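Participant: Input structure: run.cif, which contains mmCIF, C-alpha atoms.
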```cif
data_entry
#
loop_
_atom_site.label_atom_id
_atom_site.label_comp_id
_atom_site.auth_asym_id
_atom_site.auth_seq_id
_atom_site.Cartn_x
_atom_site.Cartn_y
_atom_site.Cartn_z
CA MET A 2 -14.78 34.73 -17.31
CA ILE A 3 -15.68 36.55 -20.50
CA GLY A 4 -15.31 40.29 -20.66
CA ASN A 5 -16.81 43.01 -22.86
CA TRP A 6 -15.22 44.22 -26.07
CA GLY A 7 -16.42 46.25 -29.02
CA GLY A 8 -16.64 45.15 -32.61
CA PRO A 9 -17.37 41.73 -34.11
CA VAL A 10 -15.70 39.81 -31.29
CA GLU A 11 -18.06 41.35 -28.71
CA ARG A 12 -21.06 40.30 -30.80
CA ALA A 13 -19.62 36.79 -31.15
CA VAL A 14 -19.02 36.51 -27.41
CA ARG A 15 -22.54 37.69 -26.64
CA ALA A 16 -23.87 35.03 -29.00
CA VAL A 17 -21.86 32.39 -27.15
CA ARG A 18 -23.18 33.60 -23.82
CA GLY A 19 -26.76 33.34 -25.05
CA GLN A 20 -26.39 29.74 -26.21
CA SER A 21 -25.69 26.43 -24.53
CA ALA A 22 -23.11 23.77 -25.21
CA PRO A 23 -25.14 20.54 -25.11
CA VAL A 24 -22.36 18.37 -26.55
CA THR A 25 -19.80 19.53 -23.99
CA TYR A 26 -22.18 19.13 -21.08
CA GLY A 27 -23.44 15.83 -22.47
CA LEU A 28 -19.89 14.46 -22.71
CA ILE A 29 -19.22 15.51 -19.12
CA ALA A 30 -22.43 13.89 -17.91
CA LEU A 31 -21.74 10.68 -19.83
CA CYS A 32 -18.18 10.37 -18.52
CA CYS A 33 -19.38 10.93 -14.96
CA LEU A 34 -22.19 8.41 -15.36
CA VAL A 35 -19.87 5.76 -16.80
CA PHE A 36 -17.47 6.25 -13.92
CA VAL A 37 -20.12 6.21 -11.19
CA ILE A 38 -21.72 2.96 -12.38
CA GLY A 39 -18.36 1.32 -13.04
CA PRO A 40 -16.15 -0.56 -10.57
CA LEU A 41 -13.62 2.27 -10.05
CA SER A 42 -16.01 4.59 -8.23
CA GLY A 43 -16.51 2.12 -5.39
CA LEU A 44 -20.18 3.08 -5.24
CA SER A 45 -21.73 -0.05 -6.72
CA PRO A 46 -21.98 -3.09 -4.43
CA ALA A 47 -22.45 -5.31 -7.48
CA TYR A 48 -18.67 -5.50 -7.99
CA GLY A 49 -17.96 -6.78 -4.49
CA THR A 50 -14.98 -5.79 -2.36
CA GLY A 51 -11.32 -6.70 -1.91
CA ASP A 52 -9.87 -9.08 -4.50
CA GLU A 53 -13.23 -9.44 -6.18
CA LEU A 54 -13.40 -5.70 -6.79
CA LEU A 55 -9.82 -5.58 -8.07
CA SER A 56 -10.58 -8.39 -10.50
CA ALA A 57 -13.67 -6.55 -11.74
CA GLN A 58 -11.63 -3.38 -12.24
CA ARG A 59 -9.00 -5.20 -14.31
CA ALA A 60 -11.63 -6.86 -16.46
CA TYR A 61 -13.42 -3.52 -16.94
CA PHE A 62 -10.30 -1.77 -18.19
CA GLU A 63 -9.31 -4.64 -20.46
CA ARG A 64 -12.77 -4.61 -22.03
CA TRP A 65 -13.18 -0.87 -22.60
CA GLY A 66 -9.62 0.49 -22.59
CA VAL A 67 -6.96 0.43 -25.31
CA VAL A 68 -4.41 -2.36 -25.04
CA PRO A 69 -1.83 -1.60 -27.79
CA VAL A 70 -0.71 -5.22 -28.29
CA GLU A 71 -4.33 -6.24 -28.88
CA LEU A 72 -5.43 -3.26 -30.98
CA PHE A 73 -4.02 -4.55 -34.25
CA GLU A 74 -5.42 -8.06 -34.00
CA GLY A 75 -8.18 -7.08 -36.41
CA THR A 76 -11.15 -7.73 -34.14
CA PRO A 77 -14.03 -5.22 -34.23
CA ARG A 78 -14.04 -4.95 -30.44
CA ALA A 79 -10.36 -3.97 -30.29
CA ALA A 80 -10.82 -1.45 -33.11
CA LEU A 81 -13.52 0.33 -31.10
CA THR A 82 -11.49 0.68 -27.90
CA PRO A 83 -9.84 4.03 -28.85
CA ALA A 84 -13.39 5.42 -28.83
CA THR A 85 -14.74 3.62 -25.74
CA ALA A 86 -11.60 4.46 -23.73
CA LEU A 87 -12.45 8.17 -24.05
CA PHE A 88 -15.29 7.65 -21.57
CA VAL A 89 -13.39 5.55 -19.02
CA HIS A 90 -11.30 7.06 -16.19
CA GLY A 91 -9.07 5.48 -13.62
CA SER A 92 -9.91 7.47 -10.50
CA TRP A 93 -12.00 10.34 -9.16
CA LEU A 94 -9.06 12.71 -9.58
CA HIS A 95 -8.49 11.56 -13.16
CA LEU A 96 -12.16 12.11 -13.97
CA LEU A 97 -12.55 15.49 -12.26
CA GLY A 98 -9.34 16.89 -13.75
CA ASN A 99 -10.35 15.97 -17.29
CA MET A 100 -13.93 17.15 -16.93
CA LEU A 101 -12.85 20.49 -15.50
CA PHE A 102 -10.67 21.17 -18.53
CA LEU A 103 -13.44 20.07 -20.88
CA TYR A 104 -15.92 22.34 -19.11
CA VAL A 105 -13.65 25.39 -19.30
CA PHE A 106 -12.45 25.07 -22.88
CA GLY A 107 -15.09 22.90 -24.52
CA ALA A 108 -18.10 25.21 -24.41
CA MET A 109 -16.45 28.05 -26.33
CA ALA A 110 -14.92 25.68 -28.88
CA GLU A 111 -18.30 24.00 -29.39
CA GLU A 112 -20.09 27.29 -29.94
CA ARG A 113 -17.45 28.30 -32.48
CA MET A 114 -17.53 25.00 -34.37
CA GLY A 115 -21.20 24.08 -34.02
CA HIS A 116 -22.62 21.24 -32.00
CA PHE A 117 -22.50 18.41 -34.53
CA ALA A 118 -19.09 19.38 -35.88
CA PHE A 119 -17.69 19.64 -32.36
CA ALA A 120 -18.96 16.15 -31.48
CA LEU A 121 -17.27 14.66 -34.55
CA PHE A 122 -14.15 16.68 -33.85
CA TYR A 123 -13.95 15.49 -30.24
CA LEU A 124 -14.47 11.83 -31.04
CA GLY A 125 -12.29 11.84 -34.16
CA CYS A 126 -9.32 13.59 -32.62
CA GLY A 127 -9.62 11.55 -29.43
CA TYR A 128 -9.60 8.34 -31.44
CA LEU A 129 -6.57 9.46 -33.44
CA ALA A 130 -4.67 10.43 -30.29
CA LEU A 131 -5.16 7.02 -28.66
CA PHE A 132 -4.59 5.14 -31.89
CA GLY A 133 -1.37 7.06 -32.53
CA TYR A 134 -0.16 6.30 -29.03
CA ALA A 135 -0.92 2.61 -29.55
CA VAL A 136 1.08 2.61 -32.79
CA ALA A 137 4.08 4.15 -31.02
CA HIS A 138 3.80 1.62 -28.15
CA SER A 139 2.59 -1.39 -30.12
CA ASP A 140 4.36 -3.83 -27.80
CA SER A 141 2.79 -2.45 -24.62
CA ALA A 142 0.27 -4.54 -22.69
CA GLN A 143 -0.77 -1.69 -20.37
CA THR A 144 -4.33 -0.46 -20.67
CA LEU A 145 -4.85 3.14 -21.79
CA VAL A 146 -7.96 5.02 -20.64
CA GLY A 147 -9.13 8.61 -20.34
CA ALA A 148 -10.39 11.57 -22.33
CA SER A 149 -7.17 13.60 -22.23
CA GLY A 150 -6.32 12.96 -25.89
CA ALA A 151 -9.66 14.41 -26.98
CA ILE A 152 -9.48 17.25 -24.45
CA SER A 153 -5.96 18.08 -25.64
CA ALA A 154 -7.44 18.42 -29.13
CA VAL A 155 -9.95 20.90 -27.70
CA LEU A 156 -7.04 22.86 -26.20
CA GLY A 157 -5.29 22.90 -29.56
CA ALA A 158 -8.38 24.18 -31.33
CA PHE A 159 -8.96 26.74 -28.58
CA LEU A 160 -5.43 28.07 -29.00
CA TYR A 161 -6.02 28.70 -32.69
CA LEU A 162 -9.56 30.04 -32.37
CA PHE A 163 -8.99 32.21 -29.27
CA PRO A 164 -5.24 32.93 -29.05
CA LYS A 165 -5.69 36.14 -27.06
CA ALA A 166 -8.12 34.71 -24.52
CA ARG A 167 -7.00 35.53 -20.98
CA VAL A 168 -6.36 32.30 -19.09
CA THR A 169 -6.19 32.30 -15.28
CA SER A 170 -3.67 29.66 -14.20
CA LEU A 171 -2.23 28.33 -10.96
CA PHE A 172 1.47 27.50 -11.12
CA PRO A 173 2.82 25.22 -8.34
CA PHE A 174 6.33 26.70 -8.54
CA LEU A 175 4.82 30.15 -7.86
CA PHE A 176 2.99 28.91 -4.74
CA PHE A 177 -0.25 28.51 -6.75
CA LEU A 178 -0.52 32.26 -7.23
CA PRO A 179 -3.35 32.89 -9.75
CA LEU A 180 -1.95 34.68 -12.79
CA ARG A 181 -3.61 35.69 -16.05
CA PHE A 182 -1.89 35.15 -19.38
CA PRO A 183 -3.07 34.95 -23.00
CA ALA A 184 -3.84 31.47 -24.31
CA TRP A 185 -0.93 31.76 -26.74
CA VAL A 186 1.39 31.85 -23.68
CA VAL A 187 -0.26 29.27 -21.38
CA LEU A 188 -1.14 26.53 -23.87
CA PRO A 189 2.24 26.39 -25.67
CA PHE A 190 3.83 26.25 -22.22
CA TRP A 191 1.61 23.27 -21.40
CA VAL A 192 2.56 21.61 -24.70
CA SER A 193 6.25 22.12 -23.90
CA LEU A 194 5.77 20.31 -20.58
CA GLN A 195 4.08 17.43 -22.39
CA TRP A 196 6.88 17.26 -24.92
CA MET A 197 9.60 17.16 -22.28
CA ALA A 198 7.74 14.52 -20.29
CA ALA A 199 7.15 12.39 -23.38
CA SER A 200 10.79 12.60 -24.45
CA ARG A 201 11.92 11.33 -21.04
CA ALA A 202 9.42 8.46 -20.88
CA THR A 203 11.26 5.58 -22.52
CA HIS A 204 9.49 2.57 -21.02
CA GLY A 205 5.79 3.25 -21.42
CA PRO A 206 4.86 6.32 -19.34
CA ALA A 207 2.22 6.11 -16.65
CA VAL A 208 0.68 9.24 -18.19
CA ALA A 209 0.34 9.01 -21.97
CA TYR A 210 1.99 12.32 -22.81
CA LEU A 211 2.36 11.33 -26.45
CA ALA A 212 -1.43 11.03 -26.71
CA HIS A 213 -1.70 14.58 -25.34
CA LEU A 214 0.70 15.87 -27.98
CA LEU A 215 -1.03 14.00 -30.79
CA GLY A 216 -4.44 15.26 -29.69
CA PHE A 217 -3.28 18.85 -29.32
CA SER A 218 -1.61 18.80 -32.73
CA ALA A 219 -4.69 17.28 -34.39
CA GLY A 220 -6.97 19.88 -32.80
CA PHE A 221 -4.78 22.81 -33.76
CA LEU A 222 -4.34 21.60 -37.34
CA TYR A 223 -8.06 20.99 -37.71
CA ALA A 224 -8.91 24.51 -36.54
CA TRP A 225 -6.21 25.98 -38.79
CA VAL A 226 -7.49 24.19 -41.88
CA ARG A 227 -11.19 24.60 -41.14
CA TYR A 228 -11.33 28.10 -39.66
CA GLY A 229 -8.17 29.80 -40.86
CA ARG A 230 -9.68 32.59 -42.92
CA THR A 231 -12.69 33.33 -40.73
CA THR A 232 -10.64 33.39 -37.54
CA ALA A 233 -8.09 35.75 -39.07
CA ALA A 234 -10.86 38.08 -40.20
CA LEU A 235 -12.56 38.00 -36.80
CA SER A 236 -9.46 38.61 -34.70
CA ARG A 237 -7.77 41.22 -36.88
CA GLY A 238 -7.25 44.26 -34.71
CA THR A 239 -9.52 42.98 -31.93
CA GLN A 240 -9.20 41.18 -28.62
CA GLN A 241 -10.38 37.68 -27.86
CA PRO A 242 -12.64 36.49 -25.00
CA THR A 243 -11.40 35.18 -21.69
CA ALA A 244 -11.40 31.69 -20.21
CA ALA A 245 -10.56 30.75 -16.65
CA PRO A 246 -9.26 27.20 -16.22
CA PRO A 247 -8.15 26.06 -12.80
CA ARG A 248 -4.48 25.46 -13.62
CA ALA A 249 -1.99 25.13 -16.45
CA GLY A 250 -1.08 21.49 -15.86
CA PRO A 251 -1.89 18.42 -17.93
CA PRO A 252 -5.46 17.08 -17.70
CA ALA A 253 -4.34 13.63 -16.61
CA GLU A 254 -2.70 11.79 -13.76
CA LYS A 255 -1.31 8.37 -12.94
CA THR A 256 -3.66 5.53 -12.14
CA PRO A 257 -2.33 2.31 -10.59
CA GLY A 258 -1.66 -0.53 -13.01
CA ARG A 259 -2.63 1.31 -16.19
CA GLU A 260 -1.79 4.37 -18.22
CA ALA A 261 -3.96 7.45 -17.74
CA GLU A 262 -4.39 9.34 -20.94
#
```
Taking this structure as input, can you express it in the form of structure tokens?
Facilitator:
Amino acid sequence: MIGNWGGPVERAVRAVRGQSAPVTYGLIALCCLVFVIGPLSGLSPAYGTGDELLSAQRAYFERWGVVPVELFEGTPRAALTPATALFVHGSWLHLLGNMLFLYVFGAMAEERMGHFAFALFYLGCGYLALFGYAVAHSDSAQTLVGASGAISAVLGAFLYLFPKARVTSLFPFLFFLPLRFPAWVVLPFWVSLQWMAASRATHGPAVAYLAHLLGFSAGFLYAWVRYGRTTAALSRGTQQPTAAPPRAGPPAEKTPGREAE
């Protein structure tokens, strides 16, 4: 939810409200479409059932996901997988969790950056996050899929661009009580969780926490370099708009037989 404030921030927020975010909504629609027509949704009879369906799922992930041991073979197809994997998800929960985070944080970031710049930012940071993970796990044969690396970059940029935005979060250890905190509290807390999880994952984690950290760092650094002066001038002595994501957890979850990024 976005509130009302005076000064330049209020005018900026009103401008955001009056515009759309076609790139954000287009990415959500594309990810949903790819999932629905793929073998993981279970909606297409073309992939069969039972062992036939499982075989189709494995082949689908190997074709479009990132396999670190194959990434550096030098083939054009393998080099493209850090981009194609951004649109592939391992389950309905994996898809819906990622898209919800993209919906909440992506629209405001897109309006701040501009549509074309946001599209390049999303794809570029997402690619770097998956590529960096593959470099760190170059001997892994597990397939990596999901948009969480790119969405983590959006969170990083959001933290820099809107540090005082009020974020409504649900914390499991507080019985899912909805609490509102500034983005500069919630998002660093989320990063800390990713860091701790990544440091404990020594044998190829089921959730690619390192990709989350790489994406978040890339997004924050990009926003800092690109928008440092204008953001400082805009937020000096003012309050930032409010976003309301569903929870403060990572936008990814485990999928059987592969790594969910």
Participant: Pick out the residues sitting within 8 Å of stretch 58-75 of chain A, and hand them over as a list in words; count only C-alpha atoms, and ignore anything fewer than 4 positions along from it in its own chain.
Facilitator: Gly39, Pro40, Leu41, Leu54, Ala79, Ala80, Thr82, Pro83, Thr85, Ala86, Val89, Leu131, Ala135, Val136, His138, Ser139, Asp140, Ser141, Ala142, Gln143, Thr144, Leu145 and Val146 of chain A
Participant: From the list A:Leu96, A:Leu215, A:Ile29, A:Ala154, which residue is nearest A:Ala137 when using all atoms listed in the file?
Facilitator: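 Smallest distance to A:Ala137 is found for A:Leu215.
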Participant: How many Å lie between atom CA of A:Gly115 and atom CA of A:Val35, rounded to one decimal?
Facilitator: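 It comes out at 25.2 Å.
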Participant: Just the residues within 7 Å of stretch 121-130 of chain A, please, counting only C-alpha atoms, with nothing from its chain fewer than 2 positions along; format it as a VMD selection string.
Facilitator: chain A and resid 83 to 84 87 117 to 119 132 to 134 150 to 151 154 212 215 to 216 219 to 220
Participant: Hey, can you check how far atom CA of A:Leu156 sits from atom CA of A:Phe217?
Facilitator: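 Answer for the atom CA of A:Leu156 to atom CA of A:Phe217 separation: 6.3 Å.
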Participant: Hey, what comes out of the PyMOL selection byres ((chain A and resi 20-25) around 10) on this file? Could you write it as a PyMOL selection string?
Facilitator: chain A and resi 15-19+26-31+100+103-112+115-120+123
Participant: Could you write out that same residue set with C-alpha atoms as a CSV table (one decimal), in the frame of the given file?
Facilitator:
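Saved to out_39.csv:
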```csv
chain,number,residue,atom,x,y,z
A,15,ARG,CA,-22.5,37.7,-26.6
A,16,ALA,CA,-23.9,35.0,-29.0
A,17,VAL,CA,-21.9,32.4,-27.2
A,18,ARG,CA,-23.2,33.6,-23.8
A,19,GLY,CA,-26.8,33.3,-25.0
A,26,TYR,CA,-22.2,19.1,-21.1
A,27,GLY,CA,-23.4,15.8,-22.5
A,28,LEU,CA,-19.9,14.5,-22.7
A,29,ILE,CA,-19.2,15.5,-19.1
A,30,ALA,CA,-22.4,13.9,-17.9
A,31,LEU,CA,-21.7,10.7,-19.8
A,100,MET,CA,-13.9,17.2,-16.9
A,103,LEU,CA,-13.4,20.1,-20.9
A,104,TYR,CA,-15.9,22.3,-19.1
A,105,VAL,CA,-13.6,25.4,-19.3
A,106,PHE,CA,-12.4,25.1,-22.9
A,107,GLY,CA,-15.1,22.9,-24.5
A,108,ALA,CA,-18.1,25.2,-24.4
A,109,MET,CA,-16.4,28.0,-26.3
A,110,ALA,CA,-14.9,25.7,-28.9
A,111,GLU,CA,-18.3,24.0,-29.4
A,112,GLU,CA,-20.1,27.3,-29.9
A,115,GLY,CA,-21.2,24.1,-34.0
A,116,HIS,CA,-22.6,21.2,-32.0
A,117,PHE,CA,-22.5,18.4,-34.5
A,118,ALA,CA,-19.1,19.4,-35.9
A,119,PHE,CA,-17.7,19.6,-32.4
A,120,ALA,CA,-19.0,16.2,-31.5
A,123,TYR,CA,-14.0,15.5,-30.2
```
Participant: Take atom CA of A:Gly147 and atom CA of A:Lys165 and report the distance between them in Å, one decimal.
Facilitator: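 So the answer is 28.5 Å.
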Participant: Give the answer as one residue: which of A:Ala166, A:Leu211, A:Ala158, A:Asn99 has the shortest atom-to-atom distance to A:Ala224, using all atoms listed in the file?
Facilitator: A:Ala158
